[in-house]
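> Here you go, this is start17.pdb (PDB, C-alpha atoms).
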```
ATOM      1  CA  MET A   7     -44.510  23.908  21.106  1.00  0.00           C
ATOM      2  CA  ASP A   8     -43.351  21.219  18.716  1.00  0.00           C
ATOM      3  CA  TYR A   9     -45.181  20.405  15.482  1.00  0.00           C
ATOM      4  CA  PRO A  10     -44.148  17.282  13.547  1.00  0.00           C
ATOM      5  CA  LEU A  11     -44.064  17.382   9.742  1.00  0.00           C
ATOM      6  CA  GLU A  12     -44.822  14.214   7.821  1.00  0.00           C
ATOM      7  CA  VAL A  13     -42.440  14.587   4.878  1.00  0.00           C
ATOM      8  CA  PRO A  14     -41.832  11.430   2.816  1.00  0.00           C
ATOM      9  CA  GLY A  15     -38.170  10.458   2.644  1.00  0.00           C
ATOM     10  CA  PHE A  16     -37.356  11.962   6.047  1.00  0.00           C
ATOM     11  CA  GLU A  17     -38.324   9.103   8.351  1.00  0.00           C
ATOM     12  CA  LYS A  18     -34.834   8.470   9.846  1.00  0.00           C
ATOM     13  CA  GLU A  19     -34.307  12.120  10.814  1.00  0.00           C
ATOM     14  CA  PRO A  20     -37.807  13.624  10.743  1.00  0.00           C
ATOM     15  CA  LEU A  21     -38.534  17.289  10.111  1.00  0.00           C
ATOM     16  CA  TRP A  22     -40.529  19.304  12.637  1.00  0.00           C
ATOM     17  CA  MET A  23     -41.315  22.908  13.550  1.00  0.00           C
ATOM     18  CA  LYS A  24     -40.343  24.379  16.899  1.00  0.00           C
ATOM     19  CA  LYS A  25     -42.461  27.382  17.878  1.00  0.00           C
ATOM     20  CA  GLY A  26     -41.592  29.553  20.844  1.00  0.00           C
ATOM     21  CA  LEU A  27     -41.972  33.273  21.403  1.00  0.00           C
ATOM     22  CA  GLY A  28     -39.820  34.119  18.383  1.00  0.00           C
ATOM     23  CA  ALA A  29     -39.958  32.948  14.814  1.00  0.00           C
ATOM     24  CA  PRO A  30     -40.638  29.242  14.229  1.00  0.00           C
ATOM     25  CA  LYS A  31     -37.596  27.086  13.516  1.00  0.00           C
ATOM     26  CA  LEU A  32     -37.299  24.131  11.176  1.00  0.00           C
ATOM     27  CA  MET A  33     -35.687  21.246  12.998  1.00  0.00           C
ATOM     28  CA  GLN A  34     -34.314  17.939  11.738  1.00  0.00           C
ATOM     29  CA  GLY A  35     -33.895  15.284  14.363  1.00  0.00           C
ATOM     30  CA  GLU A  36     -32.590  17.158  17.402  1.00  0.00           C
ATOM     31  CA  ASP A  37     -30.850  19.992  15.532  1.00  0.00           C
ATOM     32  CA  GLU A  38     -31.993  23.152  13.801  1.00  0.00           C
ATOM     33  CA  ALA A  39     -31.739  22.845  10.010  1.00  0.00           C
ATOM     34  CA  ARG A  40     -28.774  24.722   8.501  1.00  0.00           C
ATOM     35  CA  ARG A  41     -29.387  27.971   6.641  1.00  0.00           C
ATOM     36  CA  GLY A  42     -29.409  27.850   2.858  1.00  0.00           C
ATOM     37  CA  GLU A  43     -28.635  30.619   0.384  1.00  0.00           C
ATOM     38  CA  GLY A  44     -31.931  32.457   0.813  1.00  0.00           C
ATOM     39  CA  PRO A  45     -33.101  33.872   4.145  1.00  0.00           C
ATOM     40  CA  LEU A  46     -35.957  31.350   4.330  1.00  0.00           C
ATOM     41  CA  ASP A  47     -34.095  28.381   2.843  1.00  0.00           C
ATOM     42  CA  ARG A  48     -32.883  25.551   5.064  1.00  0.00           C
ATOM     43  CA  ILE A  49     -30.702  22.596   4.136  1.00  0.00           C
ATOM     44  CA  VAL A  50     -32.064  19.206   5.205  1.00  0.00           C
ATOM     45  CA  VAL A  51     -30.739  15.701   4.605  1.00  0.00           C
ATOM     46  CA  ASP A  52     -33.106  12.970   3.385  1.00  0.00           C
ATOM     47  CA  ASP A  53     -32.950   9.258   4.278  1.00  0.00           C
ATOM     48  CA  HIS A  54     -30.542   8.610   1.361  1.00  0.00           C
ATOM     49  CA  GLY A  55     -28.050  11.233   2.577  1.00  0.00           C
ATOM     50  CA  ARG A  56     -28.899  13.824  -0.119  1.00  0.00           C
ATOM     51  CA  GLU A  57     -29.038  17.465   0.870  1.00  0.00           C
ATOM     52  CA  THR A  58     -32.282  19.165  -0.100  1.00  0.00           C
ATOM     53  CA  ILE A  59     -33.541  22.723   0.231  1.00  0.00           C
ATOM     54  CA  ALA A  60     -36.587  23.213   2.446  1.00  0.00           C
ATOM     55  CA  THR A  61     -38.151  26.652   2.121  1.00  0.00           C
ATOM     56  CA  ILE A  62     -40.177  28.272   4.882  1.00  0.00           C
ATOM     57  CA  ARG A  63     -43.278  29.940   3.439  1.00  0.00           C
ATOM     58  CA  GLY A  64     -45.946  31.940   5.264  1.00  0.00           C
ATOM     59  CA  ARG A  65     -49.609  31.139   4.928  1.00  0.00           C
ATOM     60  CA  ILE A  66     -52.915  32.901   5.354  1.00  0.00           C
ATOM     61  CA  GLY A  67     -54.518  30.103   7.406  1.00  0.00           C
ATOM     62  CA  ASP A  68     -52.053  30.605  10.283  1.00  0.00           C
ATOM     63  CA  PRO A  69     -49.763  33.631  10.005  1.00  0.00           C
ATOM     64  CA  PHE A  70     -47.594  32.574  12.951  1.00  0.00           C
ATOM     65  CA  LEU A  71     -46.852  29.002  11.848  1.00  0.00           C
ATOM     66  CA  PRO A  72     -45.586  28.661   8.254  1.00  0.00           C
ATOM     67  CA  VAL A  73     -45.578  25.743   5.844  1.00  0.00           C
ATOM     68  CA  ILE A  74     -42.420  24.021   4.611  1.00  0.00           C
ATOM     69  CA  VAL A  75     -41.840  23.449   0.894  1.00  0.00           C
ATOM     70  CA  VAL A  76     -39.650  20.442   0.015  1.00  0.00           C
ATOM     71  CA  GLU A  77     -39.192  19.581  -3.671  1.00  0.00           C
ATOM     72  CA  SER A  78     -42.202  21.776  -4.627  1.00  0.00           C
ATOM     73  CA  ALA A  79     -44.558  20.007  -2.182  1.00  0.00           C
ATOM     74  CA  GLU A  80     -45.990  21.918   0.792  1.00  0.00           C
ATOM     75  CA  PHE A  81     -46.145  20.388   4.252  1.00  0.00           C
ATOM     76  CA  ALA A  82     -48.114  22.133   6.983  1.00  0.00           C
ATOM     77  CA  PRO A  83     -47.552  21.397  10.682  1.00  0.00           C
ATOM     78  CA  THR A  84     -51.253  22.043  11.373  1.00  0.00           C
ATOM     79  CA  PRO A  85     -54.324  22.427   9.184  1.00  0.00           C
ATOM     80  CA  PRO A  86     -55.178  26.005   8.193  1.00  0.00           C
ATOM     81  CA  ILE A  87     -57.407  27.911  10.596  1.00  0.00           C
ATOM     82  CA  PRO A  88     -60.791  28.778   9.031  1.00  0.00           C
ATOM     83  CA  ILE A  89     -61.073  32.489   8.143  1.00  0.00           C
ATOM     84  CA  PRO A  90     -63.946  33.257  10.597  1.00  0.00           C
ATOM     85  CA  LEU A  91     -61.931  31.775  13.485  1.00  0.00           C
ATOM     86  CA  LEU A  92     -58.817  33.565  12.247  1.00  0.00           C
ATOM     87  CA  LEU A  93     -60.670  36.898  12.370  1.00  0.00           C
ATOM     88  CA  LEU A  94     -62.025  36.088  15.828  1.00  0.00           C
ATOM     89  CA  GLY A  95     -58.478  35.264  16.961  1.00  0.00           C
ATOM     90  CA  PHE A  96     -57.309  38.728  15.854  1.00  0.00           C
ATOM     91  CA  ALA A  97     -60.309  40.563  17.404  1.00  0.00           C
ATOM     92  CA  PRO A  98     -58.460  41.650  20.592  1.00  0.00           C
ATOM     93  CA  ILE A  99     -56.350  44.022  18.454  1.00  0.00           C
ATOM     94  CA  VAL A 100     -59.273  46.480  18.723  1.00  0.00           C
ATOM     95  CA  LEU A 101     -58.077  47.115  22.287  1.00  0.00           C
ATOM     96  CA  ALA A 102     -55.302  49.196  20.708  1.00  0.00           C
ATOM     97  CA  LEU A 103     -57.930  51.915  20.261  1.00  0.00           C
ATOM     98  CA  SER A 104     -57.704  52.515  24.022  1.00  0.00           C
ATOM     99  CA  GLY A 105     -53.986  53.304  23.882  1.00  0.00           C
ATOM    100  CA  VAL A 106     -50.679  51.646  24.647  1.00  0.00           C
ATOM    101  CA  TRP A 107     -51.988  49.438  27.459  1.00  0.00           C
ATOM    102  CA  GLY A 108     -54.835  48.224  25.279  1.00  0.00           C
ATOM    103  CA  ALA A 109     -52.415  47.504  22.450  1.00  0.00           C
ATOM    104  CA  LEU A 110     -50.204  45.447  24.777  1.00  0.00           C
ATOM    105  CA  MET A 111     -53.166  43.471  26.104  1.00  0.00           C
ATOM    106  CA  GLY A 112     -54.548  43.014  22.582  1.00  0.00           C
ATOM    107  CA  VAL A 113     -51.265  41.627  21.264  1.00  0.00           C
ATOM    108  CA  ALA A 114     -50.918  39.349  24.305  1.00  0.00           C
ATOM    109  CA  ALA A 115     -54.470  38.058  23.771  1.00  0.00           C
ATOM    110  CA  VAL A 116     -53.830  37.378  20.072  1.00  0.00           C
ATOM    111  CA  MET A 117     -50.651  35.466  20.958  1.00  0.00           C
ATOM    112  CA  MET A 118     -52.679  33.367  23.429  1.00  0.00           C
ATOM    113  CA  ASN A 119     -55.431  32.722  20.878  1.00  0.00           C
ATOM    114  CA  PHE A 120     -53.302  30.983  18.253  1.00  0.00           C
ATOM    115  CA  PRO A 121     -52.257  27.968  20.347  1.00  0.00           C
ATOM    116  CA  ILE A 122     -55.945  27.607  21.203  1.00  0.00           C
ATOM    117  CA  LEU A 123     -56.891  27.737  17.508  1.00  0.00           C
ATOM    118  CA  ARG A 124     -54.205  25.167  16.596  1.00  0.00           C
ATOM    119  CA  SER A 125     -55.511  22.672  19.147  1.00  0.00           C
ATOM    120  CA  ASN A 126     -57.741  19.844  17.993  1.00  0.00           C
ATOM    121  CA  ARG A 127     -60.691  20.952  20.119  1.00  0.00           C
ATOM    122  CA  PRO A 128     -64.191  21.333  18.680  1.00  0.00           C
ATOM    123  CA  THR A 129     -64.995  24.710  17.091  1.00  0.00           C
ATOM    124  CA  TRP A 130     -67.398  25.703  19.854  1.00  0.00           C
ATOM    125  CA  GLN A 131     -64.622  25.271  22.442  1.00  0.00           C
ATOM    126  CA  HIS A 132     -62.293  27.437  20.340  1.00  0.00           C
ATOM    127  CA  ILE A 133     -64.946  30.169  20.256  1.00  0.00           C
ATOM    128  CA  VAL A 134     -65.668  30.014  23.995  1.00  0.00           C
ATOM    129  CA  MET A 135     -61.970  30.055  24.925  1.00  0.00           C
ATOM    130  CA  ILE A 136     -61.151  32.941  22.563  1.00  0.00           C
ATOM    131  CA  ILE A 137     -64.050  34.996  23.918  1.00  0.00           C
ATOM    132  CA  GLY A 138     -62.802  34.236  27.438  1.00  0.00           C
ATOM    133  CA  VAL A 139     -59.301  35.440  26.540  1.00  0.00           C
ATOM    134  CA  PHE A 140     -60.821  38.594  25.010  1.00  0.00           C
ATOM    135  CA  ILE A 141     -62.860  39.319  28.175  1.00  0.00           C
ATOM    136  CA  VAL A 142     -59.781  38.866  30.383  1.00  0.00           C
ATOM    137  CA  ALA A 143     -57.791  41.181  28.065  1.00  0.00           C
ATOM    138  CA  ILE A 144     -60.529  43.827  28.301  1.00  0.00           C
ATOM    139  CA  ALA A 145     -60.557  43.580  32.105  1.00  0.00           C
ATOM    140  CA  ALA A 146     -56.754  43.746  32.293  1.00  0.00           C
ATOM    141  CA  THR A 147     -56.761  46.800  30.016  1.00  0.00           C
ATOM    142  CA  GLN A 148     -59.302  48.522  32.274  1.00  0.00           C
ATOM    143  CA  VAL A 149     -57.217  47.757  35.365  1.00  0.00           C
ATOM    144  CA  LEU A 150     -54.027  49.040  33.723  1.00  0.00           C
ATOM    145  CA  LEU A 151     -55.760  52.199  32.509  1.00  0.00           C
ATOM    146  CA  GLY A 152     -57.109  52.780  36.023  1.00  0.00           C
ATOM    147  CA  VAL A 153     -53.665  52.298  37.579  1.00  0.00           C
ATOM    148  CA  ALA A 154     -52.061  54.559  34.962  1.00  0.00           C
ATOM    149  CA  ALA A 155     -54.670  57.250  35.674  1.00  0.00           C
ATOM    150  CA  GLY A 156     -53.698  57.149  39.331  1.00  0.00           C
ATOM    151  CA  GLY A 157     -56.909  55.741  40.640  1.00  0.00           C
TER     152      GLY A 157
END
```
In structure tokens, how does this file's structure come out?


Amino acid sequence: MDYPLEVPGFEKEPLWMKKGLGAPKLMQGEDEARRGEGPLDRIVVDDHGRETIATIRGRIGDPFLPVIVVESAEFAPTPPIPIPLLLLGFAPIVLALSGVWGALMGVAAVMMNFPILRSNRPTWQHIVMIIGVFIVAIAATQVLLGVAAGG
């Protein structure tokens, strides 16, 4: 998914986050921003042609989609997820208590929950969809455990 960043001074070649299965990438225009000196530093060019360091920084409100710091100002691609919804999004991890299959289904469910939580739906829809994902993950875990047990 693509998440635009509204950073002043970068209107000609805007900055945006590209999130796939791996780590999110900072993009400028159509290209990935060049690496800077630090592992989380990227070099971006503003509208006046000056190179600037943009630092990728994690955040509590969405652990899978970081903020970007440009000239000591933070820019988030999405608003932070409220803590109760964040905890609900991580709830399927409890399936790991049932073993490897539960852990796999729990991680898959958590990965499905975060795009839901980043959407601009009402809170009640987030809750209903996350509970639905959790129920499907529980059912899939039960099926996999039954198949693994030979029955």

> For a quick check of understanding, using only C-alpha atoms, which of A:Val139, A:Pro128, A:Val13, A:Trp107 has the smallest distance to Gly152 (chain A)?

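Under the stated criterion, the closest residue is A:Trp107.
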
> Could you check the closest approach to Phe70 (chain A) for each of A:Thr58, A:Asn119, A:Ser104, A:Gln34 and tell me which residue wins, using all atoms listed in the file?

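Using all atoms listed in the file, the shortest distance to Phe70 (chain A) belongs to A:Asn119.
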
> To one decimal in Å, tell me the separation between CA of Arg48 (chain A) and CA of Leu27 (chain A).

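Separation of CA of Arg48 (chain A) and CA of Leu27 (chain A): 20.2 Å.
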
> Of the residues A:Ile59, A:Val51, A:Met7, A:Leu151, which is the one nearest to Pro20 (chain A), using only C-alpha atoms?

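Nearest candidate to Pro20 (chain A) out of A:Ile59, A:Val51, A:Met7, A:Leu151: A:Val51.
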
> Given the file shown, enumerate the residues that the PyMOL selection byres ((chain A and resi 38) around 10) captures and present them as a ChimeraX atom specification.

/A:21-24,31-37,39-41,48-50

> From the set A:Pro45, A:Pro121, A:Pro83, A:Pro88, which residue has the shortest atom-to-atom contact distance to Ile66 (chain A), counting all atoms listed in the file?

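Going through A:Pro45, A:Pro121, A:Pro83, A:Pro88 one by one, the smallest distance to Ile66 (chain A) is for A:Pro88.
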
> When the PyMOL selection byres ((chain A and resi 89-103) around 8) is applied to the structure above, which residues does it catch, written out as a PyMOL selection string?

chain A and resi 67-68+87-88+104-113+115-116+119-120+123+133+136+140+143-144+147

> Can you tell me, as a VMD selection string, what residues are no more than 9 Å from Asp52 (chain A) when counting all atoms listed in the file, ignoring any on the same chain fewer than 2 positions away?

chain A and resid 14 to 20 50 54 to 58

> Do you have the CA of Glu12 (chain A)-CA of Ala82 (chain A) distance handy?

8.6 Å

> Expressed in Å to a single decimal, how great is the separation between CA of Phe81 (chain A) and CA of Leu11 (chain A)?

6.6 Å

> Select, from A:Gly64, A:Pro30, A:Gly44, A:Pro10, the residue with the minimum atom-to-atom distance to Thr84 (chain A), counting all atoms listed in the file.

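With all atoms listed in the file as the atom set, the closest residue is A:Pro10.
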
> Please report, as lines of an AutoDock Vina configuration file, the centre and edge lengths in Å to one decimal of an axis-aligned box covering all listed atoms of region 56-74 of chain A with 5 Å per side.


```
center_x = -41.7
center_y = 23.7
center_z = 6.4
size_x = 35.6
size_y = 29.8
size_z = 23.1
```
